[in-house]
Every structure is written in structure tokens, then in C-alpha cells.
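The file run00.cif comes next; it holds mmCIF, C-alpha atoms.
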data_query
#
loop_
_atom_site.label_atom_id
_atom_site.label_comp_id
_atom_site.auth_asym_id
_atom_site.auth_seq_id
_atom_site.Cartn_x
_atom_site.Cartn_y
_atom_site.Cartn_z
CA MET H 136 62.82 299.80 98.83
CA SER H 137 62.02 296.17 99.57
CA ILE H 138 61.53 293.08 97.43
CA GLU H 139 59.97 289.68 98.03
CA CYS H 140 62.50 286.85 98.21
CA VAL H 141 62.02 284.57 95.20
CA ASP H 142 62.65 281.48 97.32
CA CYS H 143 60.88 282.06 100.64
CA LYS H 144 58.73 285.17 100.02
CA ALA H 145 60.22 287.07 102.98
CA PHE H 146 60.70 290.83 102.54
CA ILE H 147 64.22 292.00 101.92
CA GLU H 148 65.02 295.63 102.58
CA MET H 149 67.54 297.47 100.41
CA PRO H 150 69.98 299.15 102.83
CA GLU H 151 69.79 302.96 102.63
CA ASP H 152 73.53 303.25 102.02
CA ALA H 153 73.66 300.38 99.47
CA ILE H 154 76.15 300.64 96.63
CA PRO H 155 76.28 298.65 93.36
CA GLY H 156 78.01 295.28 93.83
CA GLU H 157 77.03 294.96 97.47
CA ILE H 158 75.56 291.62 98.55
CA VAL H 159 72.29 291.57 100.50
CA SER H 160 71.01 288.31 101.99
CA CYS H 161 67.45 287.28 102.69
CA PRO H 162 67.09 287.25 106.50
CA ASP H 163 64.80 284.20 106.46
CA CYS H 164 66.43 281.78 104.03
CA GLY H 165 69.84 283.32 103.35
CA LEU H 166 69.50 283.59 99.57
CA ASP H 167 71.94 286.21 98.28
CA TYR H 168 71.09 289.21 96.11
CA VAL H 169 73.44 291.65 94.47
CA VAL H 170 72.76 295.39 94.32
CA GLU H 171 72.74 296.57 90.71
CA GLU H 172 71.97 299.82 88.94
CA ASP H 173 69.17 299.58 86.36
CA GLU H 174 68.95 301.60 83.11
CA SER H 175 67.40 304.56 84.91
CA GLY H 176 70.16 304.63 87.53
CA MET H 177 67.94 303.18 90.26
CA LEU H 178 69.39 300.55 92.57
CA VAL H 179 67.72 297.14 92.32
CA LEU H 180 68.29 293.74 93.93
CA LYS H 181 68.98 290.78 91.65
CA GLU H 182 69.42 287.17 92.70
CA LEU H 183 73.11 286.31 92.83
CA MET H 184 73.82 283.22 90.76
CA ILE H 185 76.39 280.78 92.12
CA GLU H 186 78.46 278.37 90.05
CA GLY H 187 78.08 275.08 91.95
CA GLU H 188 80.58 272.35 91.20
CA ASP H 189 78.32 269.44 92.14
CA TRP H 190 75.01 271.09 91.38
CA GLY H 191 72.16 269.87 89.25
CA GLU H 192 71.28 266.60 87.56
CA MET G 30 54.10 273.86 109.17
CA THR G 31 52.60 271.18 107.01
CA ASP G 32 52.94 267.39 106.70
CA ILE G 33 55.07 267.66 103.55
CA ALA G 34 57.87 270.19 103.11
CA MET G 35 60.38 270.78 100.35
CA ALA G 36 63.99 271.50 101.25
CA TYR G 37 66.29 273.30 98.86
CA ASP G 38 69.39 275.44 98.82
CA ARG G 39 68.37 277.52 95.82
CA SER G 40 65.19 277.13 93.83
CA GLU G 41 65.29 276.48 90.11
CA THR G 42 62.30 276.26 87.78
CA ASP G 43 61.86 272.66 89.01
CA GLU G 44 61.22 273.71 92.60
CA MET G 45 58.94 276.55 91.47
CA GLY G 46 57.14 273.95 89.35
CA ILE G 47 56.74 271.60 92.30
CA LYS G 48 55.15 274.44 94.31
CA LEU G 49 52.78 275.19 91.42
CA THR G 50 51.89 271.50 91.05
CA ALA G 51 51.30 271.21 94.82
CA GLN G 52 48.79 274.08 94.59
CA GLU G 53 47.02 272.34 91.71
CA MET G 54 46.93 269.07 93.66
CA GLY G 55 45.62 270.82 96.78
CA ILE G 56 48.73 269.99 98.82
CA ASP G 57 49.93 272.49 101.40
CA LEU G 58 53.67 272.27 100.77
CA GLY G 59 56.00 273.71 103.39
CA TYR G 60 59.49 275.08 102.78
CA LEU G 61 62.77 274.38 104.52
CA PRO G 62 65.80 276.42 103.49
CA PHE G 63 69.03 274.44 103.38
CA TYR G 64 71.66 277.01 102.65
CA LYS G 65 72.59 279.75 105.10
CA VAL G 66 71.06 278.01 108.07
CA ALA G 67 72.44 276.56 111.29
CA VAL G 68 71.69 272.89 111.79
CA GLY G 69 72.75 272.58 115.41
CA PHE G 70 72.69 269.43 117.52
CA GLY G 71 74.16 268.40 120.83
CA ASN G 72 73.18 267.28 124.28
CA THR G 73 70.95 270.30 124.68
CA GLY G 74 68.84 269.32 121.67
CA PHE G 75 68.36 270.28 118.05
CA ILE G 76 68.04 273.64 116.34
CA TYR G 77 67.36 274.55 112.74
CA ARG G 78 67.41 278.23 111.94
CA SER G 79 68.57 280.93 109.60
CA PHE G 80 70.02 284.15 110.95
CA GLY G 81 66.58 285.77 111.00
CA LYS G 82 64.10 282.92 111.43
CA ASP G 83 63.77 279.80 113.57
CA TYR G 84 62.48 276.74 111.72
CA THR G 85 62.97 274.27 114.59
CA THR G 86 59.33 274.10 115.67
CA ALA G 87 58.01 274.07 112.12
CA LEU G 88 60.28 271.14 111.25
CA LYS G 89 58.90 269.12 114.17
CA ASP G 90 55.48 268.93 112.46
CA VAL G 91 56.86 267.84 109.08
CA ARG G 92 56.53 264.14 108.34
CA VAL G 93 57.87 263.95 104.78
CA VAL G 94 60.69 266.01 103.29
CA LEU G 95 61.12 266.36 99.54
CA ASN G 96 64.86 266.75 99.21
CA ARG G 97 65.38 269.08 96.25
CA ILE G 98 68.79 270.43 97.20
CA GLN G 99 70.85 271.09 94.10
CA SER G 100 74.27 270.21 95.47
CA LYS G 101 74.75 266.44 95.58
CA ASN G 102 76.98 266.53 98.66
CA ARG G 103 74.71 268.94 100.49
CA ARG G 104 71.69 266.78 99.59
CA ILE G 105 73.29 263.76 101.25
CA PHE G 106 73.87 265.74 104.45
CA ALA G 107 70.24 266.88 104.34
CA SER G 108 68.85 263.35 103.95
CA ALA G 109 71.04 262.18 106.86
CA ILE G 110 69.87 265.06 109.06
CA PHE G 111 66.16 264.69 108.29
CA GLU G 112 66.23 260.91 108.67
CA THR G 113 67.97 261.31 112.03
CA LEU G 114 64.96 263.40 113.05
CA ASP G 115 62.68 260.49 112.00
CA LYS G 116 61.35 262.21 108.88
CA GLU G 117 60.52 260.25 105.77
CA VAL G 118 62.73 261.64 103.02
CA LEU G 119 62.22 261.43 99.30
CA ASN G 120 64.65 260.16 98.23
CA PRO G 121 66.05 258.28 101.27
CA LEU G 122 69.71 258.60 102.22
CA TYR G 123 70.88 255.29 100.79
CA VAL G 124 69.15 256.02 97.48
CA GLU G 125 70.97 259.36 97.40
CA LEU G 126 74.25 257.64 98.18
CA ALA G 127 73.72 255.06 95.44
CA CYS G 128 72.88 257.75 92.90
CA GLN G 129 75.63 260.16 93.93
CA SER G 130 78.36 257.91 92.61
CA LYS G 131 78.41 256.39 89.14
CA ILE G 132 80.43 253.46 90.49
CA ARG G 133 77.91 252.75 93.27
CA THR G 134 75.01 253.04 90.80
CA LEU G 135 76.67 250.70 88.31
CA LEU G 136 77.55 248.19 91.04
CA ALA G 137 73.87 248.10 92.08
CA PHE G 138 72.87 247.46 88.45
CA PHE G 139 75.64 244.88 87.98
CA LYS G 140 74.56 242.99 91.10
CA ASN G 141 71.04 242.72 89.68
CA GLY G 142 72.12 241.59 86.23
CA ILE G 143 71.14 244.80 84.44
CA ARG G 144 72.98 245.58 81.19
CA ILE G 145 75.61 248.28 81.80
CA PRO G 146 78.60 249.56 79.83
CA LYS G 147 81.80 247.75 80.80
CA THR G 148 83.33 249.95 83.48
CA VAL G 149 86.77 250.04 85.05
CA TYR G 150 87.54 251.85 88.28
CA VAL G 151 91.20 252.43 89.12
CA PRO G 152 91.40 253.64 92.74
CA CYS G 153 94.82 255.29 92.28
CA ASN G 154 95.13 259.04 91.58
CA ILE G 155 97.07 260.34 88.57
CA GLN G 156 99.41 262.43 90.73
CA GLU G 157 100.55 261.60 94.24
CA ALA G 158 102.71 263.74 96.47
CA LYS G 159 105.97 262.05 97.49
CA VAL G 160 107.24 262.28 101.03
CA GLY G 161 110.03 264.85 100.99
CA GLY G 162 108.63 266.74 97.99
CA GLY G 163 107.88 266.18 94.32
CA ALA G 164 105.13 264.11 92.73
CA LEU G 165 104.70 260.56 91.49
CA ASP G 166 103.05 260.53 88.05
CA ASN G 167 100.84 257.44 87.61
CA THR G 168 99.52 258.36 84.14
CA ASP G 169 101.26 255.55 82.25
CA ALA G 170 100.45 252.87 84.81
CA ILE G 171 96.76 253.85 84.96
CA SER G 172 96.39 254.13 81.17
CA GLU G 173 97.96 250.66 80.74
CA ILE G 174 95.53 249.14 83.24
CA ILE G 175 92.56 250.77 81.49
CA ILE G 176 93.71 249.78 77.97
CA GLN G 177 94.27 246.20 79.14
CA GLN G 178 90.58 246.04 80.10
CA LEU G 179 88.85 248.26 77.55
CA GLY G 180 91.19 248.27 74.54
CA LYS G 181 92.37 251.61 73.22
CA GLU G 182 90.04 252.46 70.38
CA LYS G 183 87.46 254.58 72.21
CA ILE G 184 87.41 255.03 75.96
CA VAL G 185 85.16 257.31 77.99
CA ILE G 186 86.63 258.92 81.13
CA LYS G 187 84.15 260.43 83.54
CA PRO G 188 84.13 261.90 87.05
CA ASP G 189 82.42 259.57 89.52
CA ALA G 190 79.92 262.19 90.71
CA GLY G 191 79.86 264.70 87.85
CA THR G 192 76.78 266.41 86.42
CA HIS G 193 75.81 268.03 83.11
CA GLY G 194 78.51 266.10 81.24
CA SER G 195 81.26 268.12 82.92
CA GLY G 196 84.60 266.32 82.97
CA VAL G 197 83.37 263.56 80.64
CA MET G 198 86.00 262.91 77.97
CA LEU G 199 86.31 260.60 74.97
CA ALA G 200 89.82 259.29 74.27
CA GLU G 201 90.59 257.68 70.93
CA GLY G 202 93.90 255.84 71.14
CA GLY G 203 96.52 255.33 73.84
CA GLU G 204 98.22 258.70 73.43
CA ALA G 205 94.89 260.53 73.66
CA LEU G 206 94.03 258.55 76.78
CA ARG G 207 97.30 259.51 78.49
CA ASN G 208 96.71 263.17 77.61
CA LYS G 209 93.12 263.15 78.88
CA LEU G 210 94.12 261.39 82.11
CA LYS G 211 96.44 264.28 82.95
CA ASP G 212 93.28 266.39 83.45
CA VAL G 213 91.85 263.99 86.05
CA SER G 214 92.49 265.07 89.61
CA PRO G 215 90.69 264.54 92.92
CA SER G 216 87.83 267.00 93.34
CA ILE G 217 84.37 267.30 94.83
CA ILE G 218 82.95 265.48 91.77
CA ASN G 219 85.69 262.85 91.59
CA PRO G 220 87.01 262.20 95.07
CA SER G 221 89.48 259.45 94.25
CA GLY G 222 90.84 257.49 91.31
CA VAL G 223 89.78 257.19 87.69
CA VAL G 224 86.51 255.91 86.18
CA ALA G 225 86.75 254.60 82.61
CA GLN G 226 84.03 253.08 80.48
CA GLU G 227 83.69 251.37 77.12
CA TYR G 228 82.26 253.64 74.44
CA ILE G 229 78.74 252.60 73.43
CA PRO G 230 77.84 253.24 69.78
CA LYS G 231 74.49 254.80 70.63
CA TRP G 232 74.19 256.45 67.21
CA PHE G 233 72.98 259.97 68.08
CA TYR G 234 70.83 259.72 71.22
CA ASP G 235 70.32 258.52 74.73
CA LEU G 236 67.33 258.30 77.09
CA ARG G 237 66.18 259.81 80.34
CA ILE G 238 63.59 257.49 81.85
CA ILE G 239 61.50 258.26 84.96
CA VAL G 240 60.67 255.50 87.41
CA GLU G 241 58.83 255.80 90.69
CA LYS G 242 57.44 253.81 93.57
CA GLU G 243 54.59 254.82 95.83
CA LYS G 244 54.34 253.23 99.26
CA GLY G 245 52.31 250.04 99.03
CA LYS G 246 52.58 249.78 95.23
CA PRO G 247 55.08 248.16 92.88
CA GLY G 248 57.67 250.20 90.97
CA PHE G 249 56.42 251.93 87.85
CA CYS G 250 58.10 253.22 84.69
CA HIS G 251 56.51 256.10 82.80
CA PRO G 252 55.73 254.91 79.28
CA THR G 253 57.38 257.87 77.53
CA ALA G 254 60.91 259.17 77.97
CA LEU G 255 62.99 262.21 77.21
CA VAL G 256 65.46 261.63 74.40
CA ARG G 257 68.58 263.80 74.19
CA GLY G 258 70.06 263.73 70.72
CA GLY G 259 72.30 265.31 68.14
CA PHE G 260 75.53 264.92 66.21
CA LYS G 261 77.39 267.83 67.80
CA GLU G 262 78.87 265.98 70.77
CA PHE G 263 79.26 262.37 71.87
CA ARG G 264 77.87 263.59 75.19
CA THR G 265 74.16 264.04 74.52
CA ASN G 266 73.62 266.51 77.35
CA THR G 267 71.52 269.45 76.15
CA PHE G 268 73.83 271.89 77.95
CA LEU G 269 76.31 270.95 75.24
CA GLY G 270 74.14 271.94 72.30
CA ASN G 271 72.03 268.85 71.68
CA THR G 272 68.27 268.83 71.48
CA VAL G 273 65.32 266.88 72.92
CA PHE G 274 62.49 264.60 71.83
CA ARG G 275 59.74 262.41 73.28
CA ALA G 276 59.76 258.67 72.66
CA LYS G 277 57.39 255.85 73.57
CA LEU G 278 59.28 253.19 75.48
CA PRO G 279 58.95 249.56 74.38
CA ALA G 280 57.70 247.28 77.17
CA ALA G 281 61.08 245.54 77.55
CA ILE G 282 62.79 248.85 78.36
CA GLN G 283 60.05 249.80 80.84
CA ARG G 284 60.49 246.47 82.65
CA GLU G 285 64.26 246.85 82.81
CA ALA G 286 63.93 250.44 84.05
CA VAL G 287 61.72 249.29 86.93
CA ARG G 288 64.42 246.74 87.85
CA CYS G 289 66.98 249.58 87.84
CA GLY G 290 64.75 251.61 90.16
CA GLU G 291 64.37 248.63 92.47
CA SER G 292 68.15 248.11 92.45
CA LEU G 293 68.73 251.66 93.66
CA GLY G 294 65.59 251.95 95.79
CA ALA G 295 66.28 248.65 97.59
CA GLU G 296 63.94 248.41 100.59
CA ALA G 297 62.70 252.02 100.46
CA GLU G 298 58.92 252.40 100.52
CA ALA G 299 58.90 255.22 97.98
CA TRP G 300 61.32 256.68 95.46
CA VAL G 301 61.38 258.79 92.31
CA LEU G 302 64.39 258.47 90.04
CA ALA G 303 65.57 259.49 86.60
CA LEU G 304 67.63 256.86 84.81
CA ASP G 305 70.05 257.50 81.98
CA ALA G 306 70.28 254.78 79.36
CA MET G 307 71.80 254.26 75.92
CA PRO G 308 70.76 252.02 73.04
CA HIS G 309 73.52 249.91 71.49
CA ILE G 310 72.83 250.73 67.84
CA GLY G 311 76.26 250.23 66.24
CA ASP G 312 75.88 249.85 62.48
CA GLU G 313 72.18 248.97 62.70
CA ARG G 314 71.15 252.44 61.59
CA ILE G 315 67.77 252.56 59.92
CA VAL G 316 68.50 255.91 58.20
CA GLY G 317 71.78 257.37 56.92
CA ASP G 318 73.64 259.88 59.09
CA GLU G 319 73.55 262.57 56.41
CA GLU G 320 69.75 262.44 56.22
CA MET G 321 69.51 262.62 60.02
CA LYS G 322 71.93 265.55 60.16
CA SER G 323 69.78 267.43 57.64
CA TYR G 324 66.74 267.00 59.94
CA PHE G 325 68.77 268.29 62.89
CA ASP G 326 70.06 271.27 60.91
CA ALA G 327 66.50 272.19 60.00
CA LEU G 328 65.45 271.94 63.67
CA GLU G 329 68.01 274.48 64.85
CA GLY G 330 65.76 277.47 64.13
CA PRO G 331 62.72 276.20 66.05
CA PHE G 332 64.95 275.06 68.95
CA ALA G 333 66.65 278.47 69.05
CA GLU G 334 63.21 279.99 69.74
CA VAL G 335 62.91 277.72 72.80
CA LYS G 336 66.37 278.78 73.99
CA LYS G 337 65.36 282.43 73.66
CA VAL G 338 62.43 281.91 76.05
CA LYS G 339 64.66 279.95 78.47
CA GLN G 340 67.01 282.91 78.78
CA ASN G 341 64.31 285.09 80.37
CA PRO G 342 66.00 286.58 83.48
CA MET G 343 62.61 287.21 85.12
CA LYS G 344 61.53 283.55 85.03
CA LYS G 345 61.46 283.18 88.82
CA VAL G 346 59.68 286.48 89.39
CA ASP G 347 56.67 285.70 87.18
CA PHE G 348 56.96 281.94 87.05
CA ALA G 349 53.41 281.14 85.91
CA LYS G 350 53.86 283.38 82.87
CA TYR G 351 57.30 281.92 82.15
CA SER G 352 55.89 278.39 82.37
CA LYS G 353 53.16 279.22 79.88
CA ASN G 354 55.66 280.79 77.48
CA ILE G 355 58.10 277.88 77.62
CA GLU G 356 55.27 275.39 77.10
CA GLU G 357 54.14 277.28 74.01
CA ALA G 358 57.70 277.44 72.65
CA TYR G 359 58.30 273.71 73.11
CA THR G 360 54.87 272.83 71.70
CA LYS G 361 55.67 274.84 68.56
CA TYR G 362 59.07 273.14 68.26
CA MET G 363 57.47 269.71 68.72
CA SER G 364 54.92 270.36 66.00
CA THR G 365 57.54 270.79 63.25
CA GLU G 366 57.96 268.23 60.49
CA ASN G 367 61.64 267.69 61.23
CA TYR G 368 60.91 266.99 64.88
CA ALA G 369 58.40 264.33 63.76
CA ASN G 370 60.95 262.84 61.32
CA ILE G 371 63.58 262.45 64.04
CA GLN G 372 61.06 261.17 66.58
CA THR G 373 59.92 258.46 64.16
CA VAL G 374 63.50 257.30 63.59
CA ILE G 375 64.16 257.24 67.35
CA GLU G 376 61.06 255.19 68.12
CA GLU G 377 61.69 252.71 65.29
CA SER G 378 65.33 252.23 66.26
CA LEU G 379 64.36 251.86 69.93
CA GLU G 380 61.93 249.07 69.01
CA LYS G 381 64.79 247.26 67.30
CA ALA G 382 67.30 247.92 70.09
CA GLN G 383 64.97 247.36 73.06
CA ASP G 384 66.84 244.29 74.26
CA SER G 385 70.25 245.96 74.07
CA ILE G 386 69.65 249.05 76.18
CA LEU G 387 72.43 249.83 78.64
CA PHE G 388 71.68 251.71 81.85
CA HIS G 389 74.48 253.81 83.24
CA GLU G 390 73.22 256.42 85.70
CA GLY G 391 70.57 257.13 88.32
CA ASN G 392 69.57 260.66 89.33
CA ALA G 393 67.89 261.27 92.67
CA CYS G 394 67.02 264.94 92.10
CA PRO G 395 66.46 265.31 88.37
CA GLU G 396 65.77 268.54 86.56
CA PHE G 397 62.42 268.15 84.87
CA TRP G 398 60.15 271.17 84.66
CA GLU G 399 60.99 272.10 81.10
CA GLN G 400 62.36 269.20 79.08
CA THR G 401 61.22 266.05 80.91
CA ARG G 402 57.75 267.44 81.64
CA ILE G 403 56.91 269.22 78.41
CA VAL G 404 58.90 267.24 75.87
CA GLY G 405 59.28 263.91 77.67
CA GLY G 406 55.67 263.94 78.85
CA VAL G 407 56.45 263.12 82.50
CA ASP G 408 55.76 265.59 85.31
CA VAL G 409 58.25 264.54 87.98
CA GLY G 410 56.65 267.10 90.33
CA GLU G 411 53.42 265.11 90.30
CA SER G 412 55.37 261.89 90.90
CA LEU G 413 57.23 263.39 93.85
CA LEU G 414 54.10 264.76 95.48
CA ARG G 415 52.14 261.55 94.85
CA CYS G 416 54.93 259.45 96.39
CA ALA G 417 55.33 261.89 99.30
CA LYS G 418 51.59 261.67 100.01
CA SER G 419 51.76 257.89 99.94
CA LEU G 420 54.32 258.05 102.76
CA LEU G 421 51.74 259.81 104.95
CA ASP G 422 49.49 256.76 104.76
CA THR G 423 49.80 254.56 107.80
#
Using C-alpha cells, write down the structure from this file.
Amino acid sequence: MSIECVDCKAFIEMPEDAIPGEIVSCPDCGLDYVVEEDESGMLVLKELMIEGEDWGE
Amino acid sequence: MTDIAMAYDRSETDEMGIKLTAQEMGIDLGYLPFYKVAVGFGNTGFIYRSFGKDYTTALKDVRVVLNRIQSKNRRIFASAIFETLDKEVLNPLYVELACQSKIRTLLAFFKNGIRIPKTVYVPCNIQEAKVGGGALDNTDAISEIIIQQLGKEKIVIKPDAGTHGSGVMLAEGGEALRNKLKDVSPSIINPSGVVAQEYIPKWFYDLRIIVEKEKGKPGFCHPTALVRGGFKEFRTNTFLGNTVFRAKLPAAIQREAVRCGESLGAEAEAWVLALDAMPHIGDERIVGDEEMKSYFDALEGPFAEVKKVKQNPMKKVDFAKYSKNIEEAYTKYMSTENYANIQTVIEESLEKAQDSILFHEGNACPEFWEQTRIVGGVDVGESLLRCAKSLLDT
């Protein structure tokens, strides 16, 4: 399974031995995704949200 | 790579919106990641790459960088790096530096005679480690210095480089001030000392005003602004439960806002800034608080519908659809009678208070795609791209 990175549009491959909670990074821009199990038990990649102390205006 | 590129650490709806606007304006906008990348420099040259992709060559062709990095500290590093490589950066490094710190922003305004809230900076930290162990507690000394300058009725304490209202506290009375000061410690958003400010009786709202300068043109203030308002919190930030409106800006406020932009922009050829300002209303309220609160209560339902759309976890995956949905939700909210009632009161009170507006903050990378663009009526994405294009002109 692969998804398109939401930030740079590169393809990110889900590792074959991925487990829920694992972090997968986009090879091109470094954005992090977390492996999660959806309602049907399938593994999916979701963007990992970071709490930034000096982020945003 | 293209002439104009946008750098960011993590895209939000604003950066997705800038990309969409660039498409609509026919601008080929490049992308520079600024997160898990190596920015390497030494006697052998310069390199800019992620683990899997080299951006060094692409960066060479870029002439203007839109700096949309979310982290304030990271954004300053980025501007310094790109300017070192002779790129034009929007906003330039010294504009970023001026906006990063509330003290530096206020000093720039003060120097140019712009009305600001009376501000006191005490360089000393609340706690200091003593040689040999233990700590020196400076709470009493610092609170006495602040009270001597600002009185003790209502004092606002804020981190020098905070965002979203975090760490902003209102102290009423000396005891409250001492208690609040105990929570102030050096951090990434407040590197050193204590910033205190007089409390401005702004009634129930403040303003976010957008100013810009294209190369070769004078500074310009957009004629409408985003108003953040409510009675829930003295901090009007919408993250804290307040809501938003559009207001026409009286000419006097527009002129003063341009002066603020010029104070922060200094000699830069182009800049785009969001300014935060407060009206000094005091007791000059044109409608009673209870009546206003009833309008706000009635607006909660329509605004909750907007919040529901905002919570869509797929917003970045199908951004065009999300944008359409959020526009519809805000438009519905803005068409309600209670919205119109509050907007009328804001605009009438602004007319009266136009000569007593106080400016207190400049933002070099404002959030805008939802509230400022749809409600405030100013598309900062268009401003950024227009100003970036102007920098390409020789």
C-alpha cells in the first residue's frame, strides 16, 4: 500500500511488516505519518500531528 | 524549480490555500521542505536535502521564497539561510525578527509614535539558581517594579513570543499578580524576563488588520479587517472560544496600520503583515453588555456549525472540497441576524474609537485561509503571491 504525501505529493510506501503505532516518514520531505488500524482492521497511514510550542500566528 | 517557492515545515490549510491561489493566478509555485532536511554549509559548498531527495539544484533557480514555516524560531533560521543564498524572502529576516518578539514590535511602534498599550519589560527572571544550590525568588521584587509602573488594578502578563493567547494572563490586584508571576519561566516563547502591559478596556473585541507592500508601491492597508470578539475571555483569540466578524476600517485606522507596517517593514521592498490592534472603548459603550451577550448567545448555534466543518480530519486530503464546505458554513453564519447586529455595533463603535486604536502585535506568517479570508474579506495568499511577484521585477 502507498499513499501520496499531503505536503509534497511523494509516494510513501507502507512497510510490509508495519504495526499500529509505528511512525513512517515521507522520504522526500520528512513529514511523519503514524500507522493506524481503520474500522475494518486495515492498516492506514495518518499524518502525525505535532504540538509545537512556538507554532502558528 | 520555479522563480517563486514556498517553504514550510508542515502545511496547514493556509499553505494549501496559497497553492490553490497560485494555480488560480497562473503562478508555478515551487516547494521547499524545511523540516527533516539537512541544510549543510562549509568550505566545500552548500547542500539542501532530505534523506531521500536533493533540493540543492532546485533551490539555486529560486529567486523568491515565501517563508510559511509555522515555528517562529525555525522561520527565523530559514529567512537567514535563504537570504544568505541571495534569495528574496517574504518576509525578510529583520521583519521576522521584529515580529517574533512583542517587545521588539512595540519598540518599533513606539519609535514611530504609534499608539501602543503601556508596556513594561523586566529583564530579570522570576527564579534564579544560586551558586552552591538553591534558588533566588524574585517574585516580590518584580511585582513591585511592575505595580510601580502600571498600578495594580488590572495587569496583563504575556510571553514575549507567544502565540494563540498561550501564557497570556490577566492579574487583578497585587496578590493575583504575584501568583501569576510564579508561572512565568524562561522558555522558547519567553526567553528571558517578564513582559507586563496595561489592560486596555476594549469592550468585547479586537482587530486583525492586514497590511502589505509590493515592490515599487507604497504600503497598503486592506479596508476590511477580521474582528475577534466575545465575552467569554479577555483574550479574544478564537482558539479560546470567541467568534469572528468582518468590519470596515475607518480611514484613520487604515493610515495608522500602514505606519505600523512601515515601522516593521523598514527598508524592505515588500512585506505582508497581520497587525493586532485594540480599540480603547472604556465606558463609551453604544449598547448595553446584556444586549450584546444575548446576540452572542444566539450566534453560538450557527458558529458551532462552522466548528463542525473545521473538525474534518480529511481537510488536507480533499482540500478543494473542504474549502468549499467551510466557505458555505461561514457564509451561512455571516448571513444571520445576530451576526449583523454585532457587526453593526462593532462598526459604529470603531467609527467613534478610530483615533484611540492601540496596536500591539505584528505577525509575519499569519493564519488566514478560513477566518481572515472568508470572514475578514482579505485573502493573504493573494497578497503574498502578488508581493512575491513584484520582487521578480527588476
| Where does the PyMOL selection byres ((chain H and resi 143-145) around 9) land in this file, that is, which residues does it pick, as a list of chain:residue names? | H:Ile138, H:Glu139, H:Cys140, H:Val141, H:Asp142, H:Phe146, H:Ile147, H:Cys161, H:Pro162, H:Asp163, H:Cys164, H:Leu166, G:Tyr60, G:Leu61, G:Pro62
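When atom CA of G:Glu399 is paired with atom CA of H:Trp190, their separation reads 17.4 Å.
Here the PyMOL selection byres ((chain G and resi 110-125) around 8) captures the residues Val91, Arg92, Val93, Val94, Leu95, Asn96, Arg104, Ile105, Phe106, Ala107, Ser108, Ala109, Leu126, Ala127, Cys128, Gln129, Leu293, Gly294, Ala295, Ala297, Ala299, Trp300, Val301, Ala393, Leu413, Ala417 and Leu420 of chain G.
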Quick check on the file I pasted: which residues fall under the PyMOL selection byres ((chain G) within 7 of (chain H))? Write them as a PyMOL selection string. chain G and resi 40+62+64-65+79-82+99-101+191-193+217-218+345-346+392+394-396
Exercise on stretch 147-162 of chain G, axis-aligned box with 6 Å per side, report centre and edge lengths in Å to one decimal, as AutoDock Vina command-line options:
--center_x 95.9 --center_y 257.2 --center_z 90.9 --size_x 40.2 --size_y 31.0 --size_z 32.2
Using all atoms listed in the file, the residue out of G:Val338, G:Ile174, G:Ala225, G:Ala281 with shortest distance to G:Leu199 is G:Ala225
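From atom CA of G:Tyr37 back to atom CA of G:Val68, the distance works out to 14.0 Å.
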ask   = Within 6 Å of G:Lys231, counting only C-alpha atoms, which residues qualify if same-chain residues fewer than 2 places away don't, as a PyMOL selection string?
value = chain G and resi 229+233+307-310
So that I can look at just that part, could you write stretch 173-189 of chain H with N, CA and C atoms, as a PDB file, in the first residue's frame?
ATOM      1  N   ASP H 173      -7.804   0.922  10.710  1.00  0.00           N
ATOM      2  CA  ASP H 173      -9.125   1.540  10.499  1.00  0.00           C
ATOM      3  C   ASP H 173     -10.227   0.597  10.994  1.00  0.00           C
ATOM      4  N   GLU H 174     -11.496   0.987  10.801  1.00  0.00           N
ATOM      5  CA  GLU H 174     -12.617   0.203  11.347  1.00  0.00           C
ATOM      6  C   GLU H 174     -12.646  -1.239  10.830  1.00  0.00           C
ATOM      7  N   SER H 175     -12.146  -1.412   9.591  1.00  0.00           N
ATOM      8  CA  SER H 175     -12.182  -2.770   9.024  1.00  0.00           C
ATOM      9  C   SER H 175     -10.935  -3.581   9.379  1.00  0.00           C
ATOM     10  N   GLY H 176     -10.064  -3.018  10.197  1.00  0.00           N
ATOM     11  CA  GLY H 176      -8.861  -3.732  10.605  1.00  0.00           C
ATOM     12  C   GLY H 176      -7.688  -3.550   9.651  1.00  0.00           C
ATOM     13  N   MET H 177      -7.895  -2.742   8.613  1.00  0.00           N
ATOM     14  CA  MET H 177      -6.808  -2.490   7.657  1.00  0.00           C
ATOM     15  C   MET H 177      -5.841  -1.436   8.206  1.00  0.00           C
ATOM     16  N   LEU H 178      -4.580  -1.583   7.888  1.00  0.00           N
ATOM     17  CA  LEU H 178      -3.607  -0.581   8.344  1.00  0.00           C
ATOM     18  C   LEU H 178      -3.605   0.609   7.389  1.00  0.00           C
ATOM     19  N   VAL H 179      -3.655   1.808   7.955  1.00  0.00           N
ATOM     20  CA  VAL H 179      -3.640   3.027   7.138  1.00  0.00           C
ATOM     21  C   VAL H 179      -2.593   3.992   7.700  1.00  0.00           C
ATOM     22  N   LEU H 180      -2.174   4.938   6.866  1.00  0.00           N
ATOM     23  CA  LEU H 180      -1.210   5.953   7.328  1.00  0.00           C
ATOM     24  C   LEU H 180      -1.943   7.266   7.560  1.00  0.00           C
ATOM     25  N   LYS H 181      -1.762   7.839   8.746  1.00  0.00           N
ATOM     26  CA  LYS H 181      -2.381   9.140   9.032  1.00  0.00           C
ATOM     27  C   LYS H 181      -1.296  10.128   9.431  1.00  0.00           C
ATOM     28  N   GLU H 182      -1.463  11.372   9.001  1.00  0.00           N
ATOM     29  CA  GLU H 182      -0.461  12.384   9.325  1.00  0.00           C
ATOM     30  C   GLU H 182      -0.338  12.519  10.842  1.00  0.00           C
ATOM     31  N   LEU H 183       0.882  12.510  11.319  1.00  0.00           N
ATOM     32  CA  LEU H 183       1.125  12.635  12.761  1.00  0.00           C
ATOM     33  C   LEU H 183       1.128  14.120  13.124  1.00  0.00           C
ATOM     34  N   MET H 184       0.268  14.507  14.030  1.00  0.00           N
ATOM     35  CA  MET H 184       0.187  15.914  14.411  1.00  0.00           C
ATOM     36  C   MET H 184       1.142  16.188  15.587  1.00  0.00           C
ATOM     37  N   ILE H 185       1.860  17.273  15.468  1.00  0.00           N
ATOM     38  CA  ILE H 185       2.859  17.645  16.475  1.00  0.00           C
ATOM     39  C   ILE H 185       2.383  18.887  17.221  1.00  0.00           C
ATOM     40  N   GLU H 186       2.551  18.871  18.512  1.00  0.00           N
ATOM     41  CA  GLU H 186       2.236  20.050  19.333  1.00  0.00           C
ATOM     42  C   GLU H 186       3.471  20.949  19.323  1.00  0.00           C
ATOM     43  N   GLY H 187       3.392  22.085  18.621  1.00  0.00           N
ATOM     44  CA  GLY H 187       4.570  22.955  18.524  1.00  0.00           C
ATOM     45  C   GLY H 187       4.467  24.127  19.472  1.00  0.00           C
ATOM     46  N   GLU H 188       5.473  24.330  20.289  1.00  0.00           N
ATOM     47  CA  GLU H 188       5.374  25.363  21.325  1.00  0.00           C
ATOM     48  C   GLU H 188       5.366  26.782  20.751  1.00  0.00           C
ATOM     49  N   ASP H 189       6.086  27.006  19.675  1.00  0.00           N
ATOM     50  CA  ASP H 189       6.108  28.364  19.105  1.00  0.00           C
ATOM     51  C   ASP H 189       5.521  28.370  17.700  1.00  0.00           C
TER      52      ASP H 189
END
